[in-house]
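Asker: Got start-v2.txt for you, compact mmCIF, C-alpha atoms:
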```
# COMPACT_ATOMS: atom_id res chain seq x y z
CA MET V 1 -63.41 -19.91 92.94
CA LYS V 2 -61.45 -18.09 90.26
CA ASN V 3 -59.95 -19.89 87.32
CA LEU V 4 -56.33 -20.86 87.76
CA LYS V 5 -54.14 -18.85 85.45
CA LYS V 6 -51.45 -21.46 85.33
CA ILE V 7 -51.86 -25.21 85.59
CA LEU V 8 -48.61 -27.00 86.17
CA ALA V 9 -47.97 -30.58 85.27
CA VAL V 10 -45.26 -31.92 87.51
CA ALA V 11 -43.28 -34.84 86.15
CA ILE V 12 -41.00 -37.00 88.23
CA ALA V 13 -37.51 -37.63 86.89
CA VAL V 14 -36.07 -41.06 87.49
CA MET V 15 -32.27 -41.29 87.29
CA MET V 16 -30.83 -44.51 85.93
CA THR V 17 -27.60 -45.65 84.33
CA ALA V 18 -27.00 -47.86 81.33
CA ALA V 19 -24.70 -50.82 82.01
CA LEU V 20 -24.35 -52.47 78.60
CA SER V 21 -24.17 -51.29 75.03
CA VAL V 22 -27.94 -50.86 74.73
CA ALA V 23 -30.28 -50.26 77.62
CA ILE V 24 -33.97 -49.48 77.81
CA PHE V 25 -35.75 -48.25 80.92
CA ALA V 26 -39.37 -47.77 81.77
CA ASP V 27 -39.59 -44.28 83.16
CA ALA V 28 -41.97 -42.87 85.71
CA ILE V 29 -45.39 -41.76 84.67
CA GLY V 30 -44.79 -38.23 83.56
CA THR V 31 -45.97 -35.57 81.22
CA GLY V 32 -43.17 -35.75 78.69
CA GLY V 33 -43.21 -31.96 78.85
CA THR V 34 -46.83 -31.52 77.81
CA VAL V 35 -50.32 -32.22 79.04
CA GLU V 36 -53.12 -31.96 76.53
CA SER V 37 -56.67 -31.55 77.73
CA THR V 38 -60.25 -30.93 76.72
CA ALA V 39 -63.26 -30.22 78.88
CA THR V 40 -63.73 -33.94 79.49
CA SER V 41 -60.32 -35.59 79.06
CA VAL V 42 -56.63 -35.13 79.74
CA THR V 43 -53.70 -36.81 78.00
CA PHE V 44 -50.21 -37.25 79.42
CA LYS V 45 -47.16 -39.25 78.37
CA ASN V 46 -45.89 -42.65 79.41
CA VAL V 47 -42.16 -42.48 78.66
CA LEU V 48 -39.77 -45.24 77.60
CA ASN V 49 -36.15 -44.04 77.43
CA ALA V 50 -33.65 -45.76 75.14
CA TRP V 51 -29.85 -45.39 75.21
CA ASN V 52 -27.55 -46.52 72.41
CA PRO V 53 -23.95 -45.29 71.92
CA ASP V 54 -24.37 -45.87 68.15
CA GLU V 55 -27.42 -43.58 68.21
CA THR V 56 -29.33 -45.89 65.89
CA SER V 57 -32.92 -46.99 66.39
CA ILE V 58 -33.44 -50.21 68.30
CA TYR V 59 -36.30 -52.65 68.67
CA ALA V 60 -38.62 -52.12 71.58
CA PRO V 61 -39.06 -54.66 74.36
CA ALA V 62 -42.45 -56.22 74.83
CA VAL V 63 -43.55 -54.12 77.79
CA SER V 64 -47.15 -53.70 78.90
CA TYR V 65 -48.43 -50.96 81.19
CA ASP V 66 -51.66 -51.37 83.11
CA PHE V 67 -53.03 -48.13 84.53
CA SER V 68 -55.80 -47.74 87.07
CA ILE V 69 -57.53 -44.66 88.43
CA ALA V 70 -59.64 -44.29 91.55
CA ALA V 71 -60.83 -41.58 93.89
CA ALA V 72 -58.15 -40.45 96.32
CA SER V 73 -58.99 -41.10 99.95
CA GLY V 74 -57.82 -40.67 103.54
CA ALA V 75 -54.72 -38.51 103.92
CA GLU V 76 -54.61 -38.03 100.12
CA VAL V 77 -57.44 -35.47 100.36
CA GLY V 78 -58.09 -32.41 102.52
CA GLN V 79 -55.00 -30.43 101.51
CA LYS V 80 -55.05 -26.83 100.35
CA ILE V 81 -54.60 -25.79 96.75
CA THR V 82 -53.46 -22.19 96.18
CA ASP V 83 -53.63 -20.63 92.72
CA SER V 84 -51.46 -17.85 91.30
CA GLU V 85 -53.87 -15.21 92.66
CA GLY V 86 -53.77 -16.64 96.17
CA VAL V 87 -57.23 -18.22 95.95
CA GLN V 88 -57.41 -21.40 98.02
CA ALA V 89 -59.51 -24.54 97.78
CA ILE V 90 -59.59 -27.77 99.79
CA VAL V 91 -58.99 -30.98 97.83
CA LYS V 92 -61.98 -33.35 97.66
CA ALA V 93 -62.03 -37.05 96.81
CA GLY V 94 -62.74 -37.73 93.15
CA VAL V 95 -66.25 -38.73 92.13
CA GLY V 96 -67.63 -41.06 89.49
CA THR V 97 -65.70 -43.56 87.41
CA PRO V 98 -63.34 -42.00 84.85
CA THR V 99 -61.64 -44.32 82.36
CA ILE V 100 -57.90 -44.51 81.69
CA THR V 101 -56.07 -46.10 78.77
CA ASP V 102 -53.25 -48.63 79.03
CA SER V 103 -50.17 -48.70 76.83
CA SER V 104 -47.64 -51.21 75.63
CA TRP V 105 -44.74 -51.63 73.25
CA THR V 106 -44.28 -54.69 71.05
CA MET V 107 -41.03 -56.19 69.74
CA ASP V 108 -41.84 -55.19 66.15
CA GLU V 109 -41.79 -51.50 67.07
CA THR V 110 -38.59 -49.46 66.93
CA LEU V 111 -37.49 -46.95 69.52
CA THR V 112 -35.54 -43.77 68.93
CA ALA V 113 -32.25 -44.13 70.80
CA ALA V 114 -29.35 -41.81 71.58
CA ALA V 115 -26.10 -41.95 73.54
CA ALA V 116 -27.59 -39.58 76.11
CA GLY V 117 -30.99 -41.27 76.00
CA ALA V 118 -34.06 -40.54 73.91
CA GLU V 119 -37.68 -40.40 74.98
CA ASN V 120 -40.30 -42.57 73.32
CA ASN V 121 -43.84 -41.70 74.30
CA LYS V 122 -47.23 -43.36 74.39
CA ASN V 123 -50.29 -41.26 75.14
CA ILE V 124 -52.35 -42.09 78.21
CA THR V 125 -55.81 -40.50 78.29
CA VAL V 126 -58.11 -40.10 81.27
CA ASP V 127 -61.71 -39.60 80.13
CA PHE V 128 -64.22 -37.87 82.41
CA SER V 129 -67.11 -37.75 79.93
CA SER V 130 -69.15 -40.20 82.05
CA VAL V 131 -68.45 -38.37 85.34
CA THR V 132 -70.98 -35.90 86.75
CA PHE V 133 -69.69 -33.17 89.05
CA ARG V 134 -72.32 -31.63 91.32
CA SER V 135 -70.27 -28.85 92.90
CA ALA V 136 -67.28 -26.67 92.12
CA GLY V 137 -63.91 -27.51 93.61
CA VAL V 138 -60.73 -29.55 93.21
CA TYR V 139 -61.27 -33.32 92.90
CA ARG V 140 -58.33 -35.69 93.37
CA TYR V 141 -57.83 -39.08 91.70
CA LYS V 142 -55.05 -41.58 92.33
CA ILE V 143 -53.31 -43.14 89.32
CA THR V 144 -51.26 -46.33 89.67
CA ARG V 145 -49.29 -48.30 87.10
CA ASP V 146 -48.15 -51.90 86.84
CA VAL V 147 -45.54 -53.01 84.32
CA THR V 148 -45.11 -56.43 82.75
CA ASP V 149 -41.86 -57.13 80.89
CA THR V 150 -42.27 -60.23 78.74
CA ASN V 151 -38.69 -60.47 77.51
CA ASP V 152 -35.99 -59.75 80.10
CA VAL V 153 -33.03 -60.29 77.77
CA LEU V 154 -33.17 -59.85 73.99
CA ASP V 155 -29.58 -60.96 73.37
CA GLU V 156 -26.20 -60.88 75.11
CA ASP V 157 -25.62 -57.19 74.25
CA THR V 158 -29.06 -55.86 75.12
CA THR V 159 -30.47 -55.62 78.61
CA ILE V 160 -34.06 -54.71 79.32
CA SER V 161 -34.61 -53.21 82.75
CA VAL V 162 -38.17 -52.49 83.74
CA ALA V 163 -37.53 -50.41 86.82
CA ASP V 164 -41.15 -49.73 87.59
CA ASP V 165 -41.92 -46.58 89.50
CA LYS V 166 -44.46 -47.79 92.05
CA ASN V 167 -45.14 -44.33 93.41
CA ALA V 168 -48.68 -43.20 92.74
CA ARG V 169 -49.49 -40.12 90.73
CA TYR V 170 -52.37 -37.82 91.58
CA LEU V 171 -54.57 -36.05 89.08
CA ASP V 172 -56.36 -32.99 90.43
CA VAL V 173 -59.40 -31.97 88.42
CA TYR V 174 -60.57 -28.36 88.70
CA VAL V 175 -64.32 -27.87 88.36
CA LYS V 176 -66.13 -24.53 88.07
CA GLU V 177 -69.78 -23.51 88.09
CA GLU V 178 -71.34 -21.26 85.49
CA ASN V 179 -75.09 -20.63 85.39
CA GLY V 180 -75.80 -23.80 87.35
CA THR V 181 -73.61 -25.99 85.14
CA PHE V 182 -70.43 -27.62 86.43
CA SER V 183 -67.52 -28.17 84.07
CA ILE V 184 -63.81 -29.02 84.17
CA TYR V 185 -61.46 -26.12 83.52
CA GLY V 186 -58.07 -27.48 84.54
CA TYR V 187 -55.90 -30.44 85.55
CA VAL V 188 -52.70 -30.90 87.58
CA LEU V 189 -50.74 -34.17 87.49
CA HIS V 190 -48.32 -34.58 90.42
CA ASP V 191 -46.79 -37.05 92.87
CA VAL V 192 -47.36 -35.36 96.21
CA THR V 193 -50.32 -35.19 98.54
CA GLU V 194 -49.37 -32.19 100.66
CA ASP V 195 -50.52 -28.61 100.06
CA ILE V 196 -49.81 -27.45 96.51
CA THR V 197 -49.24 -23.98 95.12
```
Any chance you could put this one into structure tokens?

Answerer:
Amino acid sequence: MKNLKKILAVAIAVMMTAALSVAIFADAIGTGGTVESTATSVTFKNVLNAWNPDETSIYAPAVSYDFSIAAASGAEVGQKITDSEGVQAIVKAGVGTPTITDSSWTMDETLTAAAAGAENNKNITVDFSSVTFRSAGVYRYKITRDVTDTNDVLDEDTTISVADDKNARYLDVYVKEENGTFSIYGYVLHDVTEDIT
């Protein structure tokens, strides 16, 4: 299988509206525009958007995010992946036990806010250093997220809305073989399980 020339990270946009003078929303798991990776780990963004007509910084809510990652299964695997050169591969279930970080905001942190909304990011890293791949291919993992909001209302002018996106995200890991050694050469983060180009 040839290396993919372009790896796309697909983020899901969640549309919400702000009802009061200050509103904070927990966005979908996304990339925040970038995905950083090494041979054994990939980092994406967990986004908290903050709106404030005064465009001044505001205190963060106490929101905790618990992430889990597991091998995809059933109808989540078996689809075709097609790269920019038309090379196809069939998605396999992930192997091994990668680790994934959690993230949270505390009430002593400040968020950047704007009238049109401003992104505040925490890095989430998936580490594959303890995973052994024994063949080349595309391995799919399912990422889920639970949100706990420990302070629903800060004061009468500030509403905290943790609109958790319960849809799973899928992380496809691209593994190649060189001289009998298998290594990761790409990642795609997405929300769909059908065939992907």

Asker: Rank nothing, just name the residue among V:Gly137, V:Gly78, V:Pro61, V:Gly117 nearest to Val95 (chain V), using all atoms listed in the file.

Answerer: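 Once distances to Val95 (chain V) are computed over all atoms listed in the file, the minimum belongs to V:Gly137.
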
Asker: Would you work out the distance separating CA of Tyr59 (chain V) from CA of Thr112 (chain V), expressed in Å to one decimal?

Answerer: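 Atom-to-atom, CA of Tyr59 (chain V) and CA of Thr112 (chain V) are spaced 8.9 Å apart.
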
Asker: One number please: CA of Thr99 (chain V) to CA of Ser73 (chain V), in Å, one decimal.

Answerer: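 Separating CA of Thr99 (chain V) from CA of Ser73 (chain V) is a distance of 18.1 Å.
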
Asker: Between CA of Thr101 (chain V) and CA of Ala60 (chain V), what is the distance, to one decimal in Å?

Answerer: 19.8 Å

Asker: Here is a test: counting only C-alpha atoms, which residue of V:Phe128, V:Tyr170, V:Phe67, V:Tyr139 is nearest to Val42 (chain V)?

Answerer: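 Of V:Phe128, V:Tyr170, V:Phe67, V:Tyr139, the one nearest Val42 (chain V), counting only C-alpha atoms, is V:Phe128.
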
Asker: Which residue, V:Gln79, V:Asn179, V:Asn123, V:Ser64, has the smallest gap to Thr106 (chain V) when you use all atoms listed in the file?

Answerer: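 Smallest separation from Thr106 (chain V) among the options: V:Ser64.
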
Asker: Taking (-64.3, -36.4, 97.3) in the file's coordinates, which residues come within 8 Å, counting all atoms listed in the file, written as a list of chain:residue names?

Answerer: V:Ala71, V:Ala72, V:Ser73, V:Val77, V:Val91, V:Lys92, V:Ala93, V:Gly94, V:Val95, V:Tyr139, V:Arg140

Asker: Restricting the calculation to all atoms listed in the file: of V:Ser84, V:Thr97, V:Asn120, V:Thr40, which residue gets closest to Ile69 (chain V)?

Answerer: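 Checking each candidate against Ile69 (chain V), we get V:Thr97 as the closest.
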
Asker: Ranking V:Val192, V:Val126, V:Ala70, V:Val173 by minimum distance to Ala89 (chain V) and counting all atoms listed in the file, which one comes first?

Answerer: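 Selected residue with least distance to Ala89 (chain V): V:Val173.
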
Asker: Could you tell me which of V:Phe133, V:Trp51, V:Tyr141, V:Phe44 comes closest to Asp102 (chain V) if we count all atoms listed in the file?

Answerer: V:Phe44

Asker: Generate the missing atoms of region 99-111 of chain V up to N, CA and C atoms and report them as an mmCIF file, keeping the file's coordinate frame.

Answerer:
```
data_model
loop_
_atom_site.group_PDB
_atom_site.id
_atom_site.type_symbol
_atom_site.label_atom_id
_atom_site.label_comp_id
_atom_site.auth_asym_id
_atom_site.auth_seq_id
_atom_site.Cartn_x
_atom_site.Cartn_y
_atom_site.Cartn_z
ATOM 1 N N THR V 99 -62.363 -43.212 82.996
ATOM 2 C CA THR V 99 -61.640 -44.320 82.360
ATOM 3 C C THR V 99 -60.226 -43.858 82.022
ATOM 4 N N ILE V 100 -59.289 -44.814 82.014
ATOM 5 C CA ILE V 100 -57.900 -44.510 81.690
ATOM 6 C C ILE V 100 -57.369 -45.570 80.747
ATOM 7 N N THR V 101 -56.591 -45.153 79.747
ATOM 8 C CA THR V 101 -56.070 -46.100 78.770
ATOM 9 C C THR V 101 -54.802 -46.768 79.279
ATOM 10 N N ASP V 102 -54.509 -47.939 78.763
ATOM 11 C CA ASP V 102 -53.250 -48.630 79.030
ATOM 12 C C ASP V 102 -52.329 -48.415 77.828
ATOM 13 N N SER V 103 -51.078 -48.813 77.968
ATOM 14 C CA SER V 103 -50.170 -48.700 76.830
ATOM 15 C C SER V 103 -49.174 -49.844 76.864
ATOM 16 N N SER V 104 -48.644 -50.161 75.705
ATOM 17 C CA SER V 104 -47.640 -51.210 75.630
ATOM 18 C C SER V 104 -46.792 -51.000 74.382
ATOM 19 N N TRP V 105 -45.601 -51.580 74.420
ATOM 20 C CA TRP V 105 -44.740 -51.630 73.250
ATOM 21 C C TRP V 105 -44.613 -53.092 72.831
ATOM 22 N N THR V 106 -44.470 -53.325 71.548
ATOM 23 C CA THR V 106 -44.280 -54.690 71.050
ATOM 24 C C THR V 106 -42.903 -54.776 70.396
ATOM 25 N N MET V 107 -42.394 -55.996 70.236
ATOM 26 C CA MET V 107 -41.030 -56.190 69.740
ATOM 27 C C MET V 107 -40.871 -55.850 68.258
ATOM 28 N N ASP V 108 -41.981 -55.597 67.549
ATOM 29 C CA ASP V 108 -41.840 -55.190 66.150
ATOM 30 C C ASP V 108 -41.814 -53.673 65.990
ATOM 31 N N GLU V 109 -41.909 -52.947 67.117
ATOM 32 C CA GLU V 109 -41.790 -51.500 67.070
ATOM 33 C C GLU V 109 -40.330 -51.101 67.276
ATOM 34 N N THR V 110 -39.947 -49.969 66.709
ATOM 35 C CA THR V 110 -38.590 -49.460 66.930
ATOM 36 C C THR V 110 -38.646 -48.241 67.830
ATOM 37 N N LEU V 111 -37.603 -48.083 68.624
ATOM 38 C CA LEU V 111 -37.490 -46.950 69.520
ATOM 39 C C LEU V 111 -36.393 -46.015 69.018
#
```
